[in-house]
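Asker: So here's run_36.cif, just mmCIF, C-alpha atoms:
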data_protein
#
loop_
_atom_site.group_PDB
_atom_site.id
_atom_site.type_symbol
_atom_site.label_atom_id
_atom_site.label_comp_id
_atom_site.auth_asym_id
_atom_site.auth_seq_id
_atom_site.Cartn_x
_atom_site.Cartn_y
_atom_site.Cartn_z
ATOM 1 C CA SER A 1 -79.653 -42.991 -3.268
ATOM 2 C CA ALA A 2 -78.467 -39.401 -3.705
ATOM 3 C CA MET A 3 -76.296 -38.157 -0.851
ATOM 4 C CA PRO A 4 -78.158 -35.484 1.160
ATOM 5 C CA LEU A 5 -76.684 -32.129 2.141
ATOM 6 C CA VAL A 6 -76.898 -30.547 5.577
ATOM 7 C CA SER A 7 -76.513 -26.776 5.900
ATOM 8 C CA PHE A 8 -75.956 -25.100 9.261
ATOM 9 C CA GLY A 9 -76.166 -21.357 9.818
ATOM 10 C CA GLY A 10 -78.075 -18.492 8.268
ATOM 11 C CA GLY A 11 -78.989 -17.495 4.752
ATOM 12 C CA SER A 12 -75.533 -17.659 3.204
ATOM 13 C CA PRO A 13 -74.744 -21.287 4.171
ATOM 14 C CA HIS A 14 -78.244 -22.395 3.196
ATOM 15 C CA ASP A 15 -78.086 -20.642 -0.183
ATOM 16 C CA CYS A 16 -74.605 -22.007 -0.852
ATOM 17 C CA ALA A 17 -75.845 -25.531 -0.140
ATOM 18 C CA LYS A 18 -78.881 -24.979 -2.359
ATOM 19 C CA GLY A 19 -76.677 -23.834 -5.224
ATOM 20 C CA ILE A 20 -74.410 -26.866 -4.886
ATOM 21 C CA ALA A 21 -77.386 -29.234 -4.638
ATOM 22 C CA LEU A 22 -79.142 -27.695 -7.647
ATOM 23 C CA VAL A 23 -76.134 -27.870 -9.965
ATOM 24 C CA ALA A 24 -75.359 -31.404 -8.757
ATOM 25 C CA THR A 25 -78.663 -32.668 -10.156
ATOM 26 C CA ASN A 26 -79.162 -30.314 -13.113
ATOM 27 C CA GLY A 27 -75.602 -29.744 -14.327
ATOM 28 C CA GLY A 28 -74.299 -26.617 -15.991
ATOM 29 C CA ASP A 29 -73.378 -23.420 -14.177
ATOM 30 C CA ILE A 30 -75.235 -21.810 -11.280
ATOM 31 C CA ARG A 31 -75.712 -18.718 -13.471
ATOM 32 C CA ASP A 32 -77.946 -20.815 -15.730
ATOM 33 C CA TYR A 33 -80.621 -20.816 -13.039
ATOM 34 C CA GLU A 34 -80.888 -17.090 -12.322
ATOM 35 C CA GLY A 35 -84.529 -16.049 -12.496
ATOM 36 C CA VAL A 36 -87.730 -17.984 -11.895
ATOM 37 C CA ASP A 37 -88.038 -21.790 -12.185
ATOM 38 C CA LYS A 38 -85.173 -22.334 -14.627
ATOM 39 C CA SER A 39 -84.199 -25.831 -13.449
ATOM 40 C CA LEU A 40 -85.685 -29.140 -14.619
ATOM 41 C CA LYS A 41 -84.880 -31.333 -11.613
ATOM 42 C CA LYS A 42 -85.146 -31.021 -7.850
ATOM 43 C CA MET A 43 -81.888 -30.410 -6.045
ATOM 44 C CA LEU A 44 -80.270 -33.101 -3.895
ATOM 45 C CA PRO A 45 -82.064 -33.880 -0.612
ATOM 46 C CA MET A 46 -81.287 -31.151 1.903
ATOM 47 C CA VAL A 47 -81.685 -30.537 5.627
ATOM 48 C CA ALA A 48 -81.292 -26.884 6.680
ATOM 49 C CA VAL A 49 -80.468 -26.266 10.351
ATOM 50 C CA ASN A 50 -81.114 -22.593 10.944
ATOM 51 C CA THR A 51 -79.310 -20.281 13.395
ATOM 52 C CA THR A 52 -80.672 -16.820 12.488
ATOM 53 C CA ALA A 53 -84.081 -15.135 12.373
ATOM 54 C CA GLY A 54 -83.753 -14.494 9.600
ATOM 55 C CA THR A 55 -83.696 -15.068 5.957
ATOM 56 C CA ALA A 56 -86.099 -18.053 5.956
ATOM 57 C CA SER A 57 -83.828 -19.644 3.381
ATOM 58 C CA GLU A 58 -84.130 -22.867 5.376
ATOM 59 C CA MET A 59 -87.718 -23.284 4.137
ATOM 60 C CA THR A 60 -88.152 -21.216 0.965
ATOM 61 C CA ARG A 61 -87.578 -21.578 -2.767
ATOM 62 C CA PHE A 62 -85.317 -18.515 -2.827
ATOM 63 C CA CYS A 63 -81.573 -18.911 -3.353
ATOM 64 C CA ILE A 64 -79.359 -15.818 -3.538
ATOM 65 C CA ILE A 65 -75.877 -16.283 -4.997
ATOM 66 C CA THR A 66 -73.264 -13.566 -5.548
ATOM 67 C CA ASP A 67 -71.811 -13.362 -9.055
ATOM 68 C CA GLU A 68 -68.385 -11.891 -8.333
ATOM 69 C CA GLU A 69 -67.705 -11.196 -12.022
ATOM 70 C CA ARG A 70 -70.797 -9.033 -12.523
ATOM 71 C CA HIS A 71 -70.860 -7.789 -8.897
ATOM 72 C CA VAL A 72 -74.530 -8.694 -8.509
ATOM 73 C CA LYS A 73 -76.517 -11.001 -6.274
ATOM 74 C CA MET A 74 -78.427 -13.422 -8.475
ATOM 75 C CA ALA A 75 -81.966 -14.240 -7.389
ATOM 76 C CA ILE A 76 -82.741 -17.889 -8.093
ATOM 77 C CA VAL A 77 -86.448 -18.385 -7.370
ATOM 78 C CA ASP A 78 -87.182 -22.051 -7.970
ATOM 79 C CA TRP A 79 -89.410 -24.613 -6.269
ATOM 80 C CA HIS A 80 -86.611 -27.130 -6.835
ATOM 81 C CA THR A 81 -84.476 -25.289 -4.253
ATOM 82 C CA THR A 82 -86.863 -25.852 -1.336
ATOM 83 C CA PRO A 83 -85.119 -27.804 1.465
ATOM 84 C CA ASP A 84 -86.740 -31.076 2.482
ATOM 85 C CA ILE A 85 -86.412 -30.449 6.223
ATOM 86 C CA ALA A 86 -86.025 -27.149 8.081
ATOM 87 C CA VAL A 87 -84.828 -27.127 11.687
ATOM 88 C CA ASP A 88 -85.500 -23.931 13.650
ATOM 89 C CA ASP A 89 -84.439 -24.044 17.299
ATOM 90 C CA PRO A 90 -84.289 -20.697 19.152
ATOM 91 C CA GLU A 91 -81.647 -22.072 21.497
ATOM 92 C CA LEU A 92 -79.260 -22.111 18.536
ATOM 93 C CA MET A 93 -79.817 -18.352 18.228
ATOM 94 C CA LEU A 94 -79.026 -17.279 21.791
ATOM 95 C CA ALA A 95 -75.391 -16.560 20.915
ATOM 96 C CA MET A 96 -76.218 -14.442 17.880
ATOM 97 C CA PRO A 97 -74.546 -11.014 18.307
ATOM 98 C CA LYS A 98 -76.653 -7.871 18.523
ATOM 99 C CA HIS A 99 -75.779 -6.520 15.073
ATOM 100 C CA LEU A 100 -76.656 -9.822 13.394
ATOM 101 C CA THR A 101 -79.886 -10.117 15.381
ATOM 102 C CA ALA A 102 -80.844 -6.616 14.239
ATOM 103 C CA ALA A 103 -79.937 -7.131 10.574
ATOM 104 C CA THR A 104 -81.618 -10.517 10.222
ATOM 105 C CA GLY A 105 -84.677 -9.313 12.130
ATOM 106 C CA MET A 106 -85.078 -6.349 9.791
ATOM 107 C CA ASP A 107 -84.690 -8.739 6.863
ATOM 108 C CA ALA A 108 -87.609 -10.776 8.224
ATOM 109 C CA LEU A 109 -89.685 -7.615 8.679
ATOM 110 C CA THR A 110 -88.934 -6.637 5.084
ATOM 111 C CA HIS A 111 -90.057 -10.089 3.923
ATOM 112 C CA ALA A 112 -93.361 -9.686 5.734
ATOM 113 C CA ILE A 113 -94.106 -6.156 4.534
ATOM 114 C CA GLU A 114 -93.126 -6.837 0.936
ATOM 115 C CA ALA A 115 -95.156 -10.055 0.868
ATOM 116 C CA TYR A 116 -98.208 -8.234 2.218
ATOM 117 C CA LEU A 117 -97.919 -5.508 -0.425
ATOM 118 C CA SER A 118 -97.087 -7.989 -3.206
ATOM 119 C CA THR A 119 -99.290 -8.171 -6.286
ATOM 120 C CA ALA A 120 -99.246 -11.980 -5.821
ATOM 121 C CA SER A 121 -100.450 -11.973 -2.219
ATOM 122 C CA THR A 122 -103.364 -14.114 -1.054
ATOM 123 C CA PRO A 123 -105.440 -14.234 2.145
ATOM 124 C CA VAL A 124 -103.158 -17.032 3.364
ATOM 125 C CA THR A 125 -99.910 -15.136 2.737
ATOM 126 C CA ASP A 126 -101.491 -11.971 4.172
ATOM 127 C CA ALA A 127 -102.303 -13.771 7.427
ATOM 128 C CA CYS A 128 -98.722 -15.021 7.738
ATOM 129 C CA ALA A 129 -97.229 -11.636 6.845
ATOM 130 C CA LEU A 130 -99.333 -9.608 9.247
ATOM 131 C CA HIS A 131 -98.673 -11.938 12.181
ATOM 132 C CA ALA A 132 -94.945 -11.835 11.406
ATOM 133 C CA ILE A 133 -95.060 -8.027 11.450
ATOM 134 C CA LYS A 134 -96.833 -8.142 14.825
ATOM 135 C CA LEU A 135 -94.268 -10.496 16.366
ATOM 136 C CA ILE A 136 -91.243 -8.608 15.029
ATOM 137 C CA SER A 137 -92.636 -5.261 16.178
ATOM 138 C CA THR A 138 -93.069 -6.750 19.652
ATOM 139 C CA TYR A 139 -89.927 -8.845 20.072
ATOM 140 C CA LEU A 140 -87.080 -7.610 17.848
ATOM 141 C CA LYS A 141 -85.855 -4.889 20.188
ATOM 142 C CA VAL A 142 -85.885 -7.335 23.115
ATOM 143 C CA ALA A 143 -84.014 -9.958 21.071
ATOM 144 C CA VAL A 144 -81.343 -7.372 20.220
ATOM 145 C CA SER A 145 -80.942 -5.992 23.750
ATOM 146 C CA ASP A 146 -81.396 -9.210 25.721
ATOM 147 C CA GLY A 147 -81.005 -11.995 23.185
ATOM 148 C CA ALA A 148 -78.408 -13.951 25.109
ATOM 149 C CA THR A 149 -80.854 -14.848 27.891
ATOM 150 C CA ASN A 150 -84.376 -14.058 26.707
ATOM 151 C CA LEU A 151 -85.466 -17.319 25.109
ATOM 152 C CA GLN A 152 -89.035 -16.088 24.616
ATOM 153 C CA ALA A 153 -87.861 -13.235 22.406
ATOM 154 C CA ARG A 154 -85.680 -15.627 20.408
ATOM 155 C CA ASP A 155 -88.565 -18.089 20.140
ATOM 156 C CA MET A 156 -91.031 -15.482 18.892
ATOM 157 C CA MET A 157 -88.505 -14.091 16.389
ATOM 158 C CA THR A 158 -88.020 -17.640 15.109
ATOM 159 C CA TYR A 159 -91.747 -17.994 14.544
ATOM 160 C CA ALA A 160 -91.819 -14.528 12.963
ATOM 161 C CA GLU A 161 -89.108 -15.233 10.425
ATOM 162 C CA PHE A 162 -90.733 -18.578 9.551
ATOM 163 C CA LEU A 163 -94.144 -16.943 9.085
ATOM 164 C CA ALA A 164 -92.576 -14.238 6.932
ATOM 165 C CA GLY A 165 -90.899 -16.987 4.912
ATOM 166 C CA MET A 166 -94.242 -18.728 4.413
ATOM 167 C CA ALA A 167 -95.638 -15.415 3.160
ATOM 168 C CA PHE A 168 -92.958 -14.428 0.674
ATOM 169 C CA ASN A 169 -92.306 -17.987 -0.495
ATOM 170 C CA SER A 170 -95.674 -17.783 -2.262
ATOM 171 C CA ALA A 171 -96.288 -14.029 -2.620
ATOM 172 C CA SER A 172 -92.665 -13.117 -3.447
ATOM 173 C CA LEU A 173 -91.132 -9.752 -2.591
ATOM 174 C CA GLY A 174 -90.563 -6.291 -4.054
ATOM 175 C CA TYR A 175 -88.120 -3.509 -4.847
ATOM 176 C CA VAL A 176 -86.522 -3.371 -1.407
ATOM 177 C CA HIS A 177 -85.002 -6.767 -2.123
ATOM 178 C CA ALA A 178 -84.398 -6.033 -5.792
ATOM 179 C CA MET A 179 -82.315 -2.995 -4.800
ATOM 180 C CA ALA A 180 -80.681 -4.537 -1.714
ATOM 181 C CA HIS A 181 -79.338 -7.451 -3.748
ATOM 182 C CA GLN A 182 -77.406 -5.014 -5.918
ATOM 183 C CA LEU A 183 -75.882 -3.216 -2.940
ATOM 184 C CA GLY A 184 -74.777 -6.536 -1.488
ATOM 185 C CA GLY A 185 -73.328 -7.704 -4.778
ATOM 186 C CA MET A 186 -71.399 -4.512 -5.522
ATOM 187 C CA TYR A 187 -70.199 -3.558 -2.032
ATOM 188 C CA ASN A 188 -70.435 -6.853 -0.086
ATOM 189 C CA LEU A 189 -72.766 -5.211 2.432
ATOM 190 C CA PRO A 190 -74.949 -7.153 4.911
ATOM 191 C CA HIS A 191 -78.259 -7.966 3.253
ATOM 192 C CA GLY A 192 -80.451 -7.220 6.255
ATOM 193 C CA VAL A 193 -78.815 -3.829 6.797
ATOM 194 C CA CYS A 194 -79.397 -2.882 3.154
ATOM 195 C CA ASN A 195 -83.037 -3.927 3.456
ATOM 196 C CA ALA A 196 -83.507 -1.892 6.618
ATOM 197 C CA VAL A 197 -82.081 1.275 5.058
ATOM 198 C CA LEU A 198 -84.135 0.892 1.884
ATOM 199 C CA LEU A 199 -87.384 -0.259 3.520
ATOM 200 C CA PRO A 200 -88.932 3.112 4.517
ATOM 201 C CA VAL A 201 -87.897 4.769 1.250
ATOM 202 C CA VAL A 202 -89.414 2.133 -1.025
ATOM 203 C CA GLN A 203 -92.565 1.961 1.100
ATOM 204 C CA GLU A 204 -93.075 5.717 0.752
ATOM 205 C CA HIS A 205 -93.197 5.180 -3.006
ATOM 206 C CA ASN A 206 -95.355 2.048 -2.740
ATOM 207 C CA ALA A 207 -97.813 3.926 -0.543
ATOM 208 C CA LYS A 208 -98.678 6.231 -3.433
ATOM 209 C CA HIS A 209 -100.132 3.207 -5.221
ATOM 210 C CA VAL A 210 -101.597 1.041 -2.402
ATOM 211 C CA PRO A 211 -102.184 3.396 0.554
ATOM 212 C CA ALA A 212 -105.069 1.365 1.982
ATOM 213 C CA LEU A 213 -102.801 -1.621 2.662
ATOM 214 C CA PHE A 214 -100.827 0.426 5.169
ATOM 215 C CA VAL A 215 -103.793 0.551 7.544
ATOM 216 C CA ASP A 216 -103.413 -3.166 8.245
ATOM 217 C CA VAL A 217 -99.617 -2.864 8.417
ATOM 218 C CA ALA A 218 -99.982 -0.072 10.980
ATOM 219 C CA SER A 219 -102.361 -2.180 13.040
ATOM 220 C CA ALA A 220 -99.966 -5.147 12.958
ATOM 221 C CA MET A 221 -97.171 -2.854 14.145
ATOM 222 C CA GLY A 222 -99.278 -1.871 17.156
ATOM 223 C CA LEU A 223 -100.047 1.659 15.960
ATOM 224 C CA THR A 224 -103.513 1.708 17.502
ATOM 225 C CA SER A 225 -104.230 5.394 16.865
ATOM 226 C CA VAL A 226 -104.804 4.748 13.148
ATOM 227 C CA GLY A 227 -108.442 4.621 12.073
ATOM 228 C CA SER A 228 -109.671 1.924 9.709
ATOM 229 C CA GLN A 229 -110.078 4.442 6.886
ATOM 230 C CA ASP A 230 -107.167 6.784 7.641
ATOM 231 C CA SER A 231 -104.609 5.506 5.143
ATOM 232 C CA GLU A 232 -102.710 8.804 4.993
ATOM 233 C CA ARG A 233 -102.028 8.740 8.732
ATOM 234 C CA ALA A 234 -101.223 5.017 8.553
ATOM 235 C CA VAL A 235 -98.586 5.580 5.883
ATOM 236 C CA ALA A 236 -96.924 8.396 7.835
ATOM 237 C CA LEU A 237 -96.841 6.408 11.077
ATOM 238 C CA VAL A 238 -95.570 3.206 9.454
ATOM 239 C CA ILE A 239 -92.705 5.014 7.710
ATOM 240 C CA ARG A 240 -91.766 6.901 10.884
ATOM 241 C CA THR A 241 -91.937 3.733 12.985
ATOM 242 C CA LEU A 242 -89.768 1.768 10.542
ATOM 243 C CA ARG A 243 -87.049 4.418 10.778
ATOM 244 C CA HIS A 244 -87.342 4.565 14.560
ATOM 245 C CA LEU A 245 -87.059 0.782 14.867
ATOM 246 C CA SER A 246 -83.952 0.739 12.679
ATOM 247 C CA GLN A 247 -82.411 3.478 14.790
ATOM 248 C CA GLU A 248 -83.194 1.646 18.032
ATOM 249 C CA VAL A 249 -81.583 -1.607 16.898
ATOM 250 C CA GLY A 250 -78.460 0.139 15.575
ATOM 251 C CA ILE A 251 -78.947 0.181 11.790
ATOM 252 C CA PRO A 252 -76.960 2.927 9.973
ATOM 253 C CA GLU A 253 -79.308 5.682 8.858
ATOM 254 C CA ASN A 254 -78.420 5.904 5.164
ATOM 255 C CA LEU A 255 -76.451 4.477 2.252
ATOM 256 C CA ALA A 256 -73.774 7.145 2.597
ATOM 257 C CA GLU A 257 -72.814 5.650 5.976
ATOM 258 C CA LEU A 258 -72.459 2.256 4.282
ATOM 259 C CA GLY A 259 -69.936 3.587 1.763
ATOM 260 C CA VAL A 260 -72.229 3.460 -1.267
ATOM 261 C CA LYS A 261 -71.190 5.778 -4.115
ATOM 262 C CA ARG A 262 -73.590 8.020 -6.011
ATOM 263 C CA GLU A 263 -71.795 7.343 -9.285
ATOM 264 C CA ASP A 264 -72.908 3.712 -9.049
ATOM 265 C CA PHE A 265 -76.623 4.488 -8.812
ATOM 266 C CA GLU A 266 -77.268 4.066 -12.538
ATOM 267 C CA ALA A 267 -75.662 0.618 -12.677
ATOM 268 C CA LEU A 268 -77.342 -0.405 -9.416
ATOM 269 C CA ALA A 269 -80.722 0.685 -10.766
ATOM 270 C CA ALA A 270 -80.248 -1.141 -14.067
ATOM 271 C CA ASN A 271 -79.390 -4.361 -12.232
ATOM 272 C CA ALA A 272 -82.281 -3.938 -9.780
ATOM 273 C CA MET A 273 -84.750 -3.741 -12.652
ATOM 274 C CA ARG A 274 -83.583 -7.182 -13.820
ATOM 275 C CA ASP A 275 -83.962 -8.764 -10.370
ATOM 276 C CA ALA A 276 -86.773 -11.332 -10.151
ATOM 277 C CA CYS A 277 -87.904 -9.993 -6.773
ATOM 278 C CA GLY A 278 -89.140 -6.730 -8.274
ATOM 279 C CA ALA A 279 -91.807 -8.358 -10.452
ATOM 280 C CA THR A 280 -94.420 -8.380 -7.671
ATOM 281 C CA ASN A 281 -93.824 -4.875 -6.330
ATOM 282 C CA PRO A 282 -97.043 -2.813 -6.072
ATOM 283 C CA PHE A 283 -95.811 -0.646 -8.948
ATOM 284 C CA GLN A 284 -93.125 -1.016 -11.574
ATOM 285 C CA PRO A 285 -90.734 1.930 -11.318
ATOM 286 C CA THR A 286 -88.793 3.446 -14.183
ATOM 287 C CA LYS A 287 -85.027 3.445 -14.034
ATOM 288 C CA GLU A 288 -85.150 7.093 -13.048
ATOM 289 C CA GLU A 289 -87.480 6.270 -10.156
ATOM 290 C CA VAL A 290 -85.158 3.513 -8.929
ATOM 291 C CA ILE A 291 -82.230 5.951 -9.047
ATOM 292 C CA GLN A 292 -84.355 8.429 -7.084
ATOM 293 C CA MET A 293 -85.056 5.812 -4.416
ATOM 294 C CA PHE A 294 -81.327 5.089 -4.122
ATOM 295 C CA GLU A 295 -80.741 8.839 -3.761
ATOM 296 C CA GLU A 296 -83.361 9.170 -1.033
ATOM 297 C CA ALA A 297 -81.873 6.213 0.843
ATOM 298 C CA TYR A 298 -78.447 7.828 0.467
ATOM 299 C CA THR A 299 -79.485 11.083 2.159
ATOM 300 C CA GLN A 300 -82.232 10.075 4.651
ATOM 301 C CA THR A 301 -81.708 10.806 8.341
ATOM 302 C CA TYR A 302 -83.332 9.631 11.561
ATOM 303 C CA SER A 303 -83.918 13.151 12.836
#
Please go through the file and, once you have read it, give me the structure as structure tokens.
Answerer:
Amino acid sequence: SAMPLVSFGGGSPHDCAKGIALVATNGGDIRDYEGVDKSLKKMLPMVAVNTTAGTASEMTRFCIITDEERHVKMAIVDWHTTPDIAVDDPELMLAMPKHLTAATGMDALTHAIEAYLSTASTPVTDACALHAIKLISTYLKVAVSDGATNLQARDMMTYAEFLAGMAFNSASLGYVHAMAHQLGGMYNLPHGVCNAVLLPVVQEHNAKHVPALFVDVASAMGLTSVGSQDSERAVALVIRTLRHLSQEVGIPENLAELGVKREDFEALAANAMRDACGATNPFQPTKEEVIQMFEEAYTQTYS
């Protein structure tokens, strides 16, 4: 007869509710559950009513909690934090402002791309990820520019974020999220914006290890000029298109614009390497390589 929780909003309210519900049944401190499957009991019953598209926290096992003492975002990846019911109604998203639509949409795109490139991906997660990429590439710009009245764009972005959630809930993520969590924890920056800035940089490094996967990503993004064997062209077009999409929806072009400080790169990199999301990245970078990716994201431009 446990009392259920209802969360209403985007990723932060859902994750807060998950944290409360997990500690309520397992005891201890929320920090005890950082990492993968650390709890012994399912959280309290939970209904997540979602208003963004989005984090997919309303239907995944991921729970991100900021530790204000360590200035990090803890990744709690635990099947016991999966909500019992997820409610996704695009009409609840019509009032979402442009900047939030853009940031959450780029978060969903990052979920899909990282899940597709994940070392834990499967044909099922690949199908979800690629269709999410297709929908986001088609509808995100419309949802940002005309989201107050275009219910179709909101509807398709809702499906896209849910599909991306289905993909990364099983396949997990990669170093975009591992690094973005640290930026959010240290500087209190919007998660989706951090993902968007980091996404093309990390994918340039991933492409050195799994270039063939970018052919399918390019196709899902509608880049029809890429041949089925032309991975080099696919990589170049995907990276360029990711930057162009971010620019079009109003994402700042680099970490310098977000107020990130170079002197923090070493600490950010050390924390990123401990983040559970990085375990399924296509390659495991050294600390120096993570610092280099932060540096590239700090100086990149749209021109």
Asker: Quick one: contact table of stretch 110-141 of chain A to stretch 147-171 of chain A, 7 Å max, nearest atom pair and distance in Å to one decimal per residue, counting only C-alpha atoms, chain and number order, as a tab-separated table?
Answerer:
residue	atom	partner	partner_atom	distance
A:His111	CA	A:Ala164	CA	5.7
A:Ala112	CA	A:Ala164	CA	4.8
A:Ala115	CA	A:Phe168	CA	4.9
A:Ser118	CA	A:Ala171	CA	6.1
A:Ala120	CA	A:Ala171	CA	4.8
A:Ser121	CA	A:Ala171	CA	4.7
A:Thr125	CA	A:Ala167	CA	4.3
A:Asp126	CA	A:Ala167	CA	6.9
A:Cys128	CA	A:Leu163	CA	5.1
A:Ala129	CA	A:Ala164	CA	5.3
A:Ala132	CA	A:Ala160	CA	4.4
A:Leu135	CA	A:Ala160	CA	5.8
A:Ile136	CA	A:Met157	CA	6.3
A:Tyr139	CA	A:Ala153	CA	5.4
A:Leu140	CA	A:Met157	CA	6.8
Asker: Exactly which residues make up the result of the PyMOL selection byres ((chain A and resi 277) around 12) on this file, given as a PyMOL selection string?
Answerer: chain A and resi 34-36+62-64+73-77+111+114-115+118-120+168-182+271-276+278-282+284
Asker: Quick check on the file I pasted: which residues fall under the PyMOL selection byres ((chain A and resi 26) around 10)? Write them as a list in words.
Answerer: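 That expression, the PyMOL selection byres ((chain A and resi 26) around 10), corresponds here to Ala21, Leu22, Val23, Ala24, Thr25, Gly27, Gly28, Asp29, Ile30, Asp32, Tyr33, Ser39, Leu40, Lys41, Lys42, Met43 and Leu44 of chain A.
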Asker: Keeping C-alpha atoms, export the residues of the selection given above as an mmCIF file, in the frame of the given file.
Answerer:
data_model
loop_
_atom_site.group_PDB
_atom_site.id
_atom_site.type_symbol
_atom_site.label_atom_id
_atom_site.label_comp_id
_atom_site.auth_asym_id
_atom_site.auth_seq_id
_atom_site.Cartn_x
_atom_site.Cartn_y
_atom_site.Cartn_z
ATOM 1 C CA ALA A 21 -77.386 -29.234 -4.638
ATOM 2 C CA LEU A 22 -79.142 -27.695 -7.647
ATOM 3 C CA VAL A 23 -76.134 -27.870 -9.965
ATOM 4 C CA ALA A 24 -75.359 -31.404 -8.757
ATOM 5 C CA THR A 25 -78.663 -32.668 -10.156
ATOM 6 C CA GLY A 27 -75.602 -29.744 -14.327
ATOM 7 C CA GLY A 28 -74.299 -26.617 -15.991
ATOM 8 C CA ASP A 29 -73.378 -23.420 -14.177
ATOM 9 C CA ILE A 30 -75.235 -21.810 -11.280
ATOM 10 C CA ASP A 32 -77.946 -20.815 -15.730
ATOM 11 C CA TYR A 33 -80.621 -20.816 -13.039
ATOM 12 C CA SER A 39 -84.199 -25.831 -13.449
ATOM 13 C CA LEU A 40 -85.685 -29.140 -14.619
ATOM 14 C CA LYS A 41 -84.880 -31.333 -11.613
ATOM 15 C CA LYS A 42 -85.146 -31.021 -7.850
ATOM 16 C CA MET A 43 -81.888 -30.410 -6.045
ATOM 17 C CA LEU A 44 -80.270 -33.101 -3.895
#
Asker: Residues at most 10 Å from A:Ser225, counting all atoms listed in the file, excluding those fewer than 5 positions away in the same chain, as a list in words?
Answerer: Ala218, Ser219, Asp230, Arg233, Ala234 and Leu237 of chain A
Asker: Rounded to one decimal, what separation in Å do you get between atom CA of A:Thr51 and atom CA of A:Val142?
Answerer: 17.5 Å
Asker: Taking 4 positions as the minimum chain separation for residues in the same chain, which residues sit within 7 Å of A:Leu109 when counting all atoms listed in the file? Answer as a CSV table (one decimal) with C-alpha atoms, in the frame of the given file.
Answerer:
chain,number,residue,atom,x,y,z
A,105,GLY,CA,-84.7,-9.3,12.1
A,113,ILE,CA,-94.1,-6.2,4.5
A,133,ILE,CA,-95.1,-8.0,11.4
A,136,ILE,CA,-91.2,-8.6,15.0
Asker: When you count all atoms listed in the file, which of these residues is closest to A:Thr52: A:His209, A:Lys18, A:Lys98, A:Arg31?
Answerer: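 Smallest distance to A:Thr52 is found for A:Lys98.
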Asker: Enumerate, as number ranges by chain, the residues matched when the PyMOL selection byres ((chain A and resi 79) around 8) is run on the file above.
Answerer: A: 37, 42, 61, 77-78, 80-82
Asker: Using C-alpha atoms, can you export the residues from the last selection as a short mmCIF file (atom, residue, chain, number, x, y, z; two decimals), in the frame of the given file?
Answerer:
data_model
loop_
_atom_site.label_atom_id
_atom_site.label_comp_id
_atom_site.auth_asym_id
_atom_site.auth_seq_id
_atom_site.Cartn_x
_atom_site.Cartn_y
_atom_site.Cartn_z
CA ASP A 37 -88.04 -21.79 -12.18
CA LYS A 42 -85.15 -31.02 -7.85
CA ARG A 61 -87.58 -21.58 -2.77
CA VAL A 77 -86.45 -18.39 -7.37
CA ASP A 78 -87.18 -22.05 -7.97
CA HIS A 80 -86.61 -27.13 -6.84
CA THR A 81 -84.48 -25.29 -4.25
CA THR A 82 -86.86 -25.85 -1.34
#
